[in-house]
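Peer 1: To be precise about what I am sending: the file is called upload_17.txt and holds compact mmCIF, C-alpha atoms.
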```txt
# COMPACT_ATOMS: atom_id res chain seq x y z
CA MET A 1 0.00 0.00 0.00
CA SER A 2 1.01 3.63 -0.47
CA VAL A 3 1.87 5.91 2.46
CA ILE A 4 -1.58 7.52 2.28
CA GLU A 5 -3.35 4.15 2.29
CA THR A 6 -1.21 2.83 5.14
CA VAL A 7 -1.66 5.96 7.26
CA SER A 8 -5.40 6.07 6.59
CA SER A 9 -5.77 2.43 7.63
CA TYR A 10 -3.78 3.05 10.83
CA TYR A 11 -5.78 6.19 11.70
CA SER A 12 -9.05 4.34 11.17
CA ARG A 13 -8.15 1.29 13.23
CA ARG A 14 -6.21 2.88 16.06
CA GLY A 15 -8.40 5.98 16.12
CA ALA A 16 -11.46 3.87 16.82
CA GLU A 17 -9.60 1.99 19.57
CA ALA A 18 -8.35 5.22 21.14
CA ALA A 19 -11.81 6.82 21.00
CA ALA A 20 -13.33 3.83 22.79
CA ALA A 21 -10.60 3.98 25.44
CA VAL A 22 -11.16 7.71 25.96
CA GLY A 23 -14.85 7.02 26.48
CA ARG A 24 -14.00 4.55 29.25
CA VAL A 25 -11.91 7.00 31.30
CA VAL A 26 -13.42 10.41 30.52
CA ASP A 27 -15.60 10.51 33.63
CA ARG A 28 -12.47 10.35 35.81
CA VAL A 29 -10.34 12.96 33.98
CA PRO A 30 -11.50 16.58 34.45
CA SER A 31 -9.41 18.16 31.69
CA MET A 32 -10.50 15.51 29.21
CA ARG A 33 -14.17 16.14 29.99
CA GLU A 34 -13.68 19.88 29.56
CA ARG A 35 -11.83 19.59 26.25
CA LEU A 36 -14.39 17.19 24.77
CA ALA A 37 -17.21 19.47 25.88
CA ALA A 38 -15.47 22.50 24.35
CA ALA A 39 -15.32 20.59 21.05
CA GLY A 40 -19.02 19.72 21.30
CA VAL A 41 -18.31 16.01 21.78
CA ASP A 42 -20.49 13.75 23.91
CA GLY A 43 -18.07 11.98 26.23
CA SER A 44 -20.29 8.91 26.43
CA SER A 45 -20.01 8.12 22.72
CA VAL A 46 -16.64 9.30 21.39
CA THR A 47 -15.68 8.41 17.81
CA ALA A 48 -12.39 8.64 15.94
CA ALA A 49 -13.75 11.63 14.02
CA ASP A 50 -14.62 13.29 17.34
CA LEU A 51 -10.99 13.08 18.43
CA ASP A 52 -9.89 15.12 15.44
CA SER A 53 -12.28 17.93 16.41
CA VAL A 54 -10.51 18.44 19.76
CA ASP A 55 -7.85 21.15 19.83
CA VAL A 56 -4.31 19.92 20.37
CA LEU A 57 -3.00 20.47 23.91
CA THR A 58 0.63 21.52 23.58
CA LYS A 59 3.49 20.86 25.95
CA ASP A 60 4.02 24.62 26.16
CA GLU A 61 0.55 24.97 27.70
CA LEU A 62 1.13 22.52 30.55
CA PRO A 63 2.82 24.88 33.07
CA ALA A 64 -0.05 27.40 32.93
CA LEU A 65 -2.66 24.63 32.98
CA GLN A 66 -1.13 23.10 36.09
CA GLN A 67 -0.87 26.47 37.81
CA ALA A 68 -4.54 27.15 37.06
CA THR A 69 -5.65 23.70 38.28
CA PRO A 70 -2.99 22.44 40.68
CA PRO A 71 -1.26 20.17 41.04
CA TYR A 72 -1.60 18.28 37.73
CA GLY A 73 -3.88 20.40 35.57
CA GLY A 74 -6.72 17.88 35.74
CA LEU A 75 -4.71 15.45 33.62
CA VAL A 76 -4.46 12.62 36.14
CA ALA A 77 -7.47 10.35 36.51
CA GLU A 78 -9.28 10.77 39.80
CA GLY A 79 -8.47 8.03 42.29
CA SER A 80 -5.16 7.08 40.67
CA ALA A 81 -2.43 5.59 42.86
CA VAL A 82 0.48 8.03 42.45
CA ALA A 83 3.86 6.64 43.51
CA ARG A 84 6.16 9.57 42.67
CA VAL A 85 5.91 13.18 41.51
CA PHE A 86 8.57 14.72 39.29
CA ALA A 87 9.27 18.33 38.34
CA SER A 88 10.53 18.69 34.79
CA PRO A 89 11.69 22.07 33.45
CA GLY A 90 8.77 24.43 32.96
CA PRO A 91 8.04 23.54 35.69
CA ILE A 92 5.84 20.65 34.56
CA TYR A 93 4.74 18.22 37.26
CA GLU A 94 4.58 14.62 36.11
CA VAL A 95 3.46 11.61 38.04
CA GLN A 96 4.54 8.01 38.17
CA LEU A 97 1.70 5.62 38.85
CA GLU A 98 2.04 2.39 40.76
CA GLY A 99 3.03 -0.55 38.58
CA GLU A 100 6.11 -2.28 37.29
CA ASP A 101 6.54 -0.39 33.99
CA PRO A 102 4.14 2.59 33.99
CA TRP A 103 5.84 4.34 31.06
CA GLN A 104 5.94 1.08 29.04
CA TRP A 105 9.54 1.22 27.85
CA ALA A 106 10.06 -2.54 28.19
CA ALA A 107 9.15 -3.12 24.54
CA ALA A 108 11.99 -0.87 23.36
CA LEU A 109 14.45 -2.58 25.70
CA SER A 110 13.41 -6.00 24.48
CA ALA A 111 13.81 -4.93 20.85
CA CYS A 112 17.35 -3.90 21.75
CA GLY A 113 18.02 -7.33 23.26
CA VAL A 114 18.10 -6.19 26.90
CA GLY A 115 16.90 -8.91 29.24
CA ALA A 116 17.23 -10.48 32.67
CA GLN A 117 20.85 -11.44 31.96
CA ASP A 118 21.97 -7.82 31.60
CA VAL A 119 23.55 -5.26 33.90
CA VAL A 120 22.33 -1.90 32.59
CA LEU A 121 24.17 1.40 33.02
CA ASN A 122 21.30 3.90 33.19
CA CYS A 123 22.74 7.32 32.35
CA PHE A 124 19.57 9.38 32.71
CA GLY A 125 19.07 11.64 35.71
CA TYR A 126 17.17 10.49 38.79
CA HIS A 127 16.79 13.94 40.36
CA LEU A 128 13.31 15.49 39.90
CA SER A 129 13.07 14.68 36.17
CA PRO A 130 11.47 11.29 35.42
CA ALA A 131 13.80 9.82 32.78
CA GLY A 132 16.07 7.94 35.17
CA MET A 133 13.21 6.31 37.03
CA MET A 134 11.19 5.48 33.92
CA PHE A 135 14.05 3.43 32.48
CA ASP A 136 14.98 2.01 35.87
CA LEU A 137 11.47 0.58 36.29
CA ALA A 138 11.41 -0.76 32.73
CA CYS A 139 14.70 -2.57 33.30
CA ARG A 140 13.46 -4.07 36.53
CA ALA A 141 10.23 -5.16 34.81
CA ILE A 142 12.24 -7.38 32.46
CA GLY A 143 14.52 -8.59 35.25
CA ALA A 144 17.69 -6.67 34.38
CA THR A 145 20.09 -5.34 37.01
CA VAL A 146 20.39 -1.53 37.04
CA ILE A 147 23.35 0.72 37.79
CA PRO A 148 21.68 4.12 38.56
CA ALA A 149 24.54 6.12 37.05
CA GLY A 150 22.67 9.32 36.24
CA VAL A 151 24.38 12.17 34.41
CA GLY A 152 27.97 13.29 34.97
CA SER A 153 31.09 11.70 36.49
CA VAL A 154 31.83 9.99 33.19
CA GLU A 155 35.27 8.81 34.35
CA LEU A 156 33.74 7.15 37.42
CA GLN A 157 31.10 5.54 35.22
CA ALA A 158 33.79 4.23 32.86
CA ARG A 159 35.50 2.54 35.81
CA ILE A 160 32.16 1.10 36.94
CA VAL A 161 31.69 -0.41 33.47
CA ALA A 162 34.96 -2.28 33.87
CA ASP A 163 34.60 -3.17 37.55
CA VAL A 164 30.95 -4.24 37.64
CA GLY A 165 30.66 -5.67 34.14
CA ALA A 166 27.92 -3.52 32.64
CA THR A 167 26.52 -5.15 29.49
CA ALA A 168 23.98 -2.54 28.30
CA TYR A 169 23.62 1.24 28.21
CA ILE A 170 20.64 3.59 28.35
CA GLY A 171 21.06 7.33 27.81
CA LEU A 172 21.97 10.05 25.33
CA PRO A 173 23.95 8.89 22.27
CA SER A 174 26.44 11.73 22.75
CA TYR A 175 27.00 10.66 26.35
CA LEU A 176 27.68 7.10 25.22
CA ALA A 177 30.34 8.45 22.87
CA ALA A 178 31.88 10.35 25.79
CA LEU A 179 31.79 7.20 27.93
CA VAL A 180 33.66 5.20 25.28
CA GLU A 181 36.22 7.97 24.91
CA SER A 182 36.73 8.19 28.68
CA TYR A 183 37.11 4.41 28.98
CA ASP A 184 39.87 4.42 26.38
CA ASP A 185 41.58 7.53 27.76
CA LEU A 186 41.76 5.90 31.20
CA GLY A 187 43.49 2.87 29.69
CA LEU A 188 40.94 0.46 31.13
CA PRO A 189 41.19 -3.17 29.93
CA ALA A 190 39.64 -3.71 26.52
CA ASP A 191 38.45 -7.19 27.50
CA ARG A 192 36.40 -5.74 30.37
CA TRP A 193 34.31 -3.53 28.09
CA LEU A 194 31.23 -5.76 27.92
CA ILE A 195 28.57 -3.30 26.74
CA ASP A 196 27.21 -4.81 23.54
CA LYS A 197 23.79 -3.14 23.34
CA ALA A 198 22.53 0.41 23.83
CA LEU A 199 19.13 2.08 23.76
CA VAL A 200 19.58 5.80 23.10
CA THR A 201 17.03 8.59 23.10
CA ALA A 202 16.34 12.29 23.85
CA GLU A 203 18.62 13.71 21.16
CA PRO A 204 19.47 13.02 17.50
CA LEU A 205 21.55 10.04 16.39
CA PRO A 206 23.19 11.19 13.14
CA ASP A 207 24.64 8.51 10.90
CA PRO A 208 28.32 9.36 11.56
CA LEU A 209 27.78 9.05 15.32
CA ARG A 210 25.85 5.81 14.94
CA GLU A 211 28.68 4.36 12.84
CA ARG A 212 31.25 5.25 15.50
CA LEU A 213 29.15 3.78 18.29
CA VAL A 214 28.39 0.56 16.41
CA SER A 215 32.11 0.01 15.89
CA ARG A 216 32.24 -0.51 19.67
CA ILE A 217 28.69 -1.53 20.61
CA PRO A 218 27.16 -3.96 18.09
CA THR A 219 23.51 -3.08 18.79
CA VAL A 220 22.57 0.61 19.04
CA LEU A 221 18.88 1.39 18.65
CA MET A 222 17.00 4.68 18.87
CA ALA A 223 13.78 5.20 20.82
CA TYR A 224 11.42 8.14 21.22
CA GLY A 225 9.11 9.13 24.04
CA THR A 226 8.09 11.89 26.42
CA ALA A 227 7.62 12.21 30.15
CA GLU A 228 3.86 12.47 29.59
CA ALA A 229 3.35 9.54 27.21
CA GLY A 230 6.29 7.30 28.03
CA LEU A 231 7.43 5.24 25.05
CA ILE A 232 5.96 6.49 21.76
CA ALA A 233 8.03 4.67 19.14
CA HIS A 234 11.30 2.78 18.80
CA GLU A 235 13.61 1.17 16.27
CA VAL A 236 13.36 -2.55 15.74
CA GLU A 237 16.27 -2.44 13.30
CA PRO A 238 18.87 0.30 12.86
CA GLY A 239 18.05 3.27 10.67
CA ARG A 240 14.69 2.03 9.35
CA GLY A 241 12.26 4.24 11.16
CA LEU A 242 10.51 4.01 14.51
CA ALA A 243 7.72 1.49 15.08
CA VAL A 244 4.83 3.04 17.02
CA ALA A 245 4.16 1.56 20.45
CA GLU A 246 0.91 -0.36 20.86
CA HIS A 247 -0.38 1.66 23.83
CA VAL A 248 -0.42 5.02 22.01
CA PHE A 249 -2.36 6.41 19.07
CA VAL A 250 -0.02 8.69 17.13
CA GLN A 251 -1.01 11.27 14.56
CA VAL A 252 1.26 13.55 12.58
CA CYS A 253 -0.63 16.84 12.40
CA GLU A 254 -0.31 20.21 10.75
CA PRO A 255 1.21 22.56 13.33
CA GLY A 256 -1.33 25.11 14.51
CA SER A 257 -4.43 23.59 12.91
CA GLY A 258 -4.07 20.10 14.36
CA VAL A 259 -5.37 18.55 11.12
CA PRO A 260 -3.96 15.01 10.73
CA VAL A 261 -1.48 14.50 7.88
CA LEU A 262 -2.24 11.52 5.64
CA ASP A 263 0.90 11.50 3.52
CA ASP A 264 4.60 11.75 4.33
CA SER A 265 4.61 15.51 4.92
CA LEU A 266 6.25 16.92 8.02
CA GLY A 267 4.04 17.63 11.02
CA GLU A 268 3.81 17.65 14.81
CA VAL A 269 3.62 14.34 16.65
CA VAL A 270 0.26 14.29 18.49
CA VAL A 271 -0.51 11.49 20.94
CA THR A 272 -3.73 10.08 22.36
CA MET A 273 -3.59 7.33 24.99
CA ALA A 274 -6.13 6.27 27.57
CA GLY A 275 -4.35 4.37 30.27
CA ASP A 276 -6.02 4.11 33.64
CA GLY A 277 -4.17 6.92 35.38
CA THR A 278 -2.49 9.36 33.02
CA PRO A 279 -4.51 9.46 29.80
CA LEU A 280 -3.69 11.95 27.07
CA LEU A 281 -6.12 13.42 24.56
CA ARG A 282 -4.54 14.96 21.46
CA PHE A 283 -1.34 15.91 23.24
CA GLY A 284 1.12 17.83 21.07
CA THR A 285 4.66 16.77 21.87
CA GLY A 286 6.22 19.70 19.99
CA ASP A 287 8.35 17.24 18.02
CA VAL A 288 8.31 17.21 14.22
CA SER A 289 8.29 13.96 12.26
CA ARG A 290 6.74 12.36 9.20
CA TRP A 291 5.33 8.97 8.26
CA GLN A 292 7.19 6.39 6.21
CA VAL A 293 6.40 2.84 5.14
CA VAL A 294 9.14 0.23 5.62
CA ASP A 295 8.45 -3.25 4.25
CA GLY A 296 4.73 -2.57 4.52
CA ASP A 297 4.92 -1.35 8.13
CA LEU A 298 4.13 2.21 9.18
CA ARG A 299 7.00 3.98 10.92
CA LEU A 300 7.86 7.45 12.19
CA ALA A 301 10.97 8.90 10.56
CA GLY A 302 12.40 10.05 13.91
CA VAL A 303 12.44 13.50 15.48
CA LEU A 304 13.22 15.91 12.67
CA GLY A 305 12.75 19.23 14.46
CA ARG A 306 10.62 21.15 16.94
CA VAL A 307 7.56 23.36 16.92
CA GLY A 308 6.58 25.45 19.90
CA ALA A 309 8.73 27.50 22.20
CA ALA A 310 10.63 24.92 24.26
CA VAL A 311 14.07 23.76 23.11
CA LYS A 312 15.65 20.43 24.09
CA VAL A 313 19.31 20.58 25.12
CA ARG A 314 21.20 17.46 26.27
CA GLY A 315 17.88 15.73 26.80
CA MET A 316 16.39 18.55 28.93
CA PHE A 317 13.78 21.08 27.82
CA ILE A 318 14.49 24.78 28.23
CA HIS A 319 11.42 27.01 28.20
CA PRO A 320 11.82 30.67 27.12
CA HIS A 321 9.97 32.00 30.17
CA GLN A 322 12.38 30.19 32.48
CA ALA A 323 15.37 31.49 30.51
CA ALA A 324 13.94 35.01 30.79
CA GLN A 325 13.53 34.62 34.56
CA VAL A 326 17.19 33.67 34.96
CA LEU A 327 18.33 36.62 32.84
CA GLU A 328 16.12 39.05 34.75
CA GLY A 329 17.55 37.78 38.03
CA LEU A 330 21.11 38.41 36.81
CA ARG A 331 20.52 42.15 36.82
CA ASP A 332 21.57 42.11 40.48
CA VAL A 333 25.14 41.28 39.42
CA GLY A 334 25.30 43.88 36.63
CA VAL A 335 23.90 42.02 33.61
CA THR A 336 22.04 44.40 31.30
CA ALA A 337 20.92 41.95 28.61
CA GLY A 338 21.42 38.33 27.65
CA ARG A 339 20.38 35.37 25.58
CA TYR A 340 20.91 31.62 25.55
CA VAL A 341 22.26 30.20 22.28
CA VAL A 342 21.99 26.46 21.60
CA GLY A 343 24.43 24.89 19.16
CA ARG A 344 26.45 21.70 18.66
CA ASP A 345 30.08 20.79 19.17
CA GLY A 346 30.46 17.66 17.09
CA ASP A 347 28.07 15.14 18.64
CA ARG A 348 27.21 17.19 21.71
CA ASP A 349 24.75 19.98 22.39
CA ARG A 350 26.30 23.25 23.49
CA LEU A 351 24.55 25.92 25.58
CA THR A 352 26.13 29.37 25.55
CA LEU A 353 24.88 32.22 27.70
CA GLU A 354 25.80 35.54 26.13
CA VAL A 355 25.48 38.53 28.46
CA SER A 356 26.29 42.22 28.32
CA SER A 357 27.06 44.13 31.49
CA ASP A 358 27.26 47.51 33.16
CA PRO A 359 30.62 49.31 32.87
CA GLY A 360 32.85 48.27 35.72
CA ALA A 361 30.87 45.14 36.57
CA ASP A 362 32.77 42.20 38.03
CA LEU A 363 32.95 39.90 35.00
CA ALA A 364 34.27 36.91 36.94
CA ALA A 365 31.38 37.21 39.40
CA ILE A 366 28.90 37.47 36.54
CA GLN A 367 30.21 34.28 34.95
CA GLU A 368 30.20 32.37 38.23
CA VAL A 369 26.71 33.46 39.28
CA ALA A 370 25.23 33.09 35.79
CA GLU A 371 26.52 29.53 35.47
CA ALA A 372 25.28 28.53 38.92
CA ARG A 373 21.81 30.01 38.45
CA THR A 374 21.45 28.48 34.98
CA VAL A 375 22.31 25.02 36.29
CA SER A 376 19.88 25.48 39.19
CA ALA A 377 16.97 26.70 37.06
CA LEU A 378 17.49 25.02 33.69
CA ARG A 379 19.56 21.95 34.74
CA VAL A 380 22.02 22.45 31.89
CA ARG A 381 25.50 23.89 32.40
CA PRO A 382 26.27 26.80 30.04
CA GLN A 383 29.41 28.45 28.81
CA VAL A 384 29.04 32.07 29.93
CA VAL A 385 30.43 34.67 27.53
CA VAL A 386 30.42 38.41 28.20
CA VAL A 387 29.88 40.36 24.97
CA ALA A 388 29.71 44.03 24.14
CA GLU A 389 26.21 43.87 22.69
CA ILE A 390 23.40 41.33 22.37
CA GLU A 391 22.49 40.95 18.70
CA GLU A 392 18.79 40.09 19.00
CA SER A 393 15.99 40.25 21.53
CA HIS A 394 15.09 36.55 21.74
CA VAL A 395 16.15 35.02 25.05
CA LEU A 396 16.54 31.53 23.56
CA VAL A 397 18.05 30.89 20.12
CA ASP A 398 18.54 27.43 18.58
CA THR A 399 21.19 27.37 15.85
CA ARG A 400 21.19 23.58 15.35
CA THR A 401 19.83 21.74 12.36
CA ALA A 402 17.98 18.46 12.84
CA GLY A 403 20.22 15.42 12.57
```
Let me see the file written as structure tokens.
Peer 2:
Amino acid sequence: MSVIETVSSYYSRRGAEAAAAVGRVVDRVPSMRERLAAAGVDGSSVTAADLDSVDVLTKDELPALQQATPPYGGLVAEGSAVARVFASPGPIYEVQLEGEDPWQWAAALSACGVGAQDVVLNCFGYHLSPAGMMFDLACRAIGATVIPAGVGSVELQARIVADVGATAYIGLPSYLAALVESYDDLGLPADRWLIDKALVTAEPLPDPLRERLVSRIPTVLMAYGTAEAGLIAHEVEPGRGLAVAEHVFVQVCEPGSGVPVLDDSLGEVVVTMAGDGTPLLRFGTGDVSRWQVVDGDLRLAGVLGRVGAAVKVRGMFIHPHQAAQVLEGLRDVGVTAGRYVVGRDGDRDRLTLEVSSDPGADLAAIQEVAEARTVSALRVRPQVVVVAEIEESHVLVDTRTAG
């Protein structure tokens, strides 16, 4: 079948299933009831066509929604058993429900070959943001042993790989490259590097980087998800698109209008899922992708860009309003204007904070305070550069191209 025929078939089948699931939980989810009512949809008899009439709820809207209806913006089903609460940049408050794999990442791990025999180095953060815990729970659900490595201390982690015998990696692809480099620079024994599989996510995996990683780690697969939806799609074979997870209904939609795209045009990834506790109705991830057909199967072509205001840097979102708050606060140390500029150094994201200052200001103090406050508020360490003049008024500028 053509792309249009394959997409239309998927939308019809999964849309009907998602609509039925929404109908089963709508009475317990205040925001879902309100959004269906605003679209003129009867919550007791939701159809696939009804879903398309509901405005897309964007990730950028979540902070204001949660402030207006604390603590979770009416997005969590009433009566749900909440095990943990996280605070992602925004701030956006996300919950972990009780259960062994609430974000449903086990399917991606299994496709990568991770199982009960593995010792997994989990290089996502465990502090406030949910990524570390979501993968930790998925690994435990399939019986794997977890090393909660988090982010940073790459030399220590390289030694742990050798000493403990880690066999699998989860984290950013760029961080995996840094781990390999650190292992070699430390002169650790080659025969004690046992990592032979890696599931990477949260940033691009360009072909040159994949080729370098595969020269050391035979199986490197890409996955895609969000804190709100969990796993959305993942590779089942390298470089041939992302298979959509069974628990989500994915649409690629025209940004702004929310109209579903039927062909292979670019659009925003919009997710509907109706799990018991954290259902989503037409949630706009802000990520850009397109549909492709691989051997008759429908796949997403990966994350090809962003819409909306938030920018992802080293796996963490930076929201313009938070960047503006940091810059405004720096006036007390003599900063007169500033902007954050996101770029890339080879495989790695780079965050530069450009600031201008009052005459006679203590530049060393500005750099020290600006770095500390950025790390505290945005959870990404910047390079602070004092410049004579700020070229444009935007507080957050992304100079990268999708890879």
Peer 1: Using 12 Å as the limit and counting only C-alpha atoms, can you tabulate each residue of segment 134-237 of chain A that touches segment 309-312 of chain A, with its shortest atom-to-atom distance in Å and the two atoms involved, as a tab-separated table?
Peer 2:
```
residue	atom	partner	partner_atom	distance
A:Thr201	CA	A:Lys312	CA	12.0
A:Ala202	CA	A:Lys312	CA	8.2
A:Glu203	CA	A:Lys312	CA	7.9
A:Pro204	CA	A:Lys312	CA	10.6
A:Thr226	CA	A:Lys312	CA	11.6
```
Peer 1: Would you output that residue set with C-alpha atoms, as a compact mmCIF listing (two decimals), in the coordinates of the input?
Peer 2:
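The resulting file, again_7.txt, is shown below:
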```
# COMPACT_ATOMS: atom_id res chain seq x y z
CA THR A 201 17.03 8.59 23.10
CA ALA A 202 16.34 12.29 23.85
CA GLU A 203 18.62 13.71 21.16
CA PRO A 204 19.47 13.02 17.50
CA THR A 226 8.09 11.89 26.42
```
Peer 1: Interatomic distance between atom CA of Leu97 of chain A and atom CA of Leu280 of chain A?
Peer 2: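 Spanning atom CA of Leu97 of chain A to atom CA of Leu280 of chain A is a straight-line distance of 14.4 Å.
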Peer 1: Atom CA of Val3 of chain A and atom CA of Arg290 of chain A are how many Å apart?
Peer 2: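 Calculated distance between atom CA of Val3 of chain A and atom CA of Arg290 of chain A is 10.5 Å.
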Peer 1: Closest to Val252 of chain A among A:Tyr10, A:Tyr126, A:Trp103, A:Phe135, using all atoms listed in the file?
Peer 2: A:Tyr10
Peer 1: Which distance in Å separates atom CA of Ala372 of chain A and atom CA of Gly346 of chain A, to one decimal?
Peer 2: 24.9 Å
Peer 1: Which residues are near Met273 of chain A? Cut-off 8 Å, all atoms listed in the file, ignore same chain within fewer than 2 positions. Put them as a PDB file with C-alpha atoms, in the frame of the given file.
Peer 2:
```pdb
ATOM      1  CA  ALA A  18      -8.350   5.220  21.140  1.00  0.00           C
ATOM      2  CA  ALA A  21     -10.600   3.980  25.440  1.00  0.00           C
ATOM      3  CA  VAL A  22     -11.160   7.710  25.960  1.00  0.00           C
ATOM      4  CA  ALA A 229       3.350   9.540  27.210  1.00  0.00           C
ATOM      5  CA  HIS A 247      -0.380   1.660  23.830  1.00  0.00           C
ATOM      6  CA  VAL A 248      -0.420   5.020  22.010  1.00  0.00           C
ATOM      7  CA  PHE A 249      -2.360   6.410  19.070  1.00  0.00           C
ATOM      8  CA  VAL A 271      -0.510  11.490  20.940  1.00  0.00           C
ATOM      9  CA  GLY A 275      -4.350   4.370  30.270  1.00  0.00           C
ATOM     10  CA  PRO A 279      -4.510   9.460  29.800  1.00  0.00           C
ATOM     11  CA  LEU A 280      -3.690  11.950  27.070  1.00  0.00           C
ATOM     12  CA  LEU A 281      -6.120  13.420  24.560  1.00  0.00           C
TER      13      LEU A 281
END
```
Peer 1: Looking at A:Val244, A:Leu176, A:Ala131, A:Val259, which one is nearest to Val293 of chain A, with distances taken over all atoms listed in the file?
Peer 2: A:Val244
Peer 1: Taking all atoms of segment 101-106 of chain A that appear in the file, build a box with edges along x, y and z, extend it by 3 Å on every side, and state its centre and edge lengths in Å to one decimal, as AutoDock Vina command-line options.
Peer 2:
```
--center_x 7.1 --center_y 0.9 --center_z 30.9 --size_x 11.9 --size_y 12.9 --size_z 12.1
```
Peer 1: Given only C-alpha atoms as the basis, pick out the residue of A:Leu231, A:Leu298, A:Leu172, A:Ala20 nearest to Leu262 of chain A.
Peer 2: A:Leu298
Peer 1: Would you mind telling me which residue in A:Leu109, A:Tyr169, A:Ala323, A:Leu396 lies nearest to Phe124 of chain A when using only C-alpha atoms?
Peer 2: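 Closest to Phe124 of chain A, using only C-alpha atoms: A:Tyr169.
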Peer 1: Which is closer to Thr278 of chain A than all the others in A:Ala77, A:Ala39, A:Val26, A:Val261, using all atoms listed in the file?
Peer 2: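 Ranked by minimum distance to Thr278 of chain A, first place goes to A:Ala77.
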Peer 1: Of the candidates A:Val95, A:Val151, A:Val386, A:Val41, which one gets nearest to Val76 of chain A if we count only C-alpha atoms?
Peer 2: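 For Val76 of chain A, the nearest of the given residues is A:Val95.
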Peer 1: Would you kindly return, as a PyMOL selection string, each protein, DNA or RNA residue with an atom no farther than 7 Å from any atom of Ala198 of chain A, considering all atoms listed in the file and excluding same-chain residues fewer than 3 positions away?
Peer 2: chain A and resi 168-170+219-221
Peer 1: Restrict the selected residues to C-alpha atoms and save them as a PDB file, keeping the file's coordinate frame.
Peer 2:
```pdb
ATOM      1  CA  ALA A 168      23.980  -2.540  28.300  1.00  0.00           C
ATOM      2  CA  TYR A 169      23.620   1.240  28.210  1.00  0.00           C
ATOM      3  CA  ILE A 170      20.640   3.590  28.350  1.00  0.00           C
ATOM      4  CA  THR A 219      23.510  -3.080  18.790  1.00  0.00           C
ATOM      5  CA  VAL A 220      22.570   0.610  19.040  1.00  0.00           C
ATOM      6  CA  LEU A 221      18.880   1.390  18.650  1.00  0.00           C
TER       7      LEU A 221
END
```
Peer 1: Given the point (28.1, -5.2, 31.7) in the file's coordinates, find the residues that have an atom at most 7 Å from it, counting all atoms listed in the file, and give them as number ranges by chain.
Peer 2: A: 118-120, 161, 164-168, 194-195
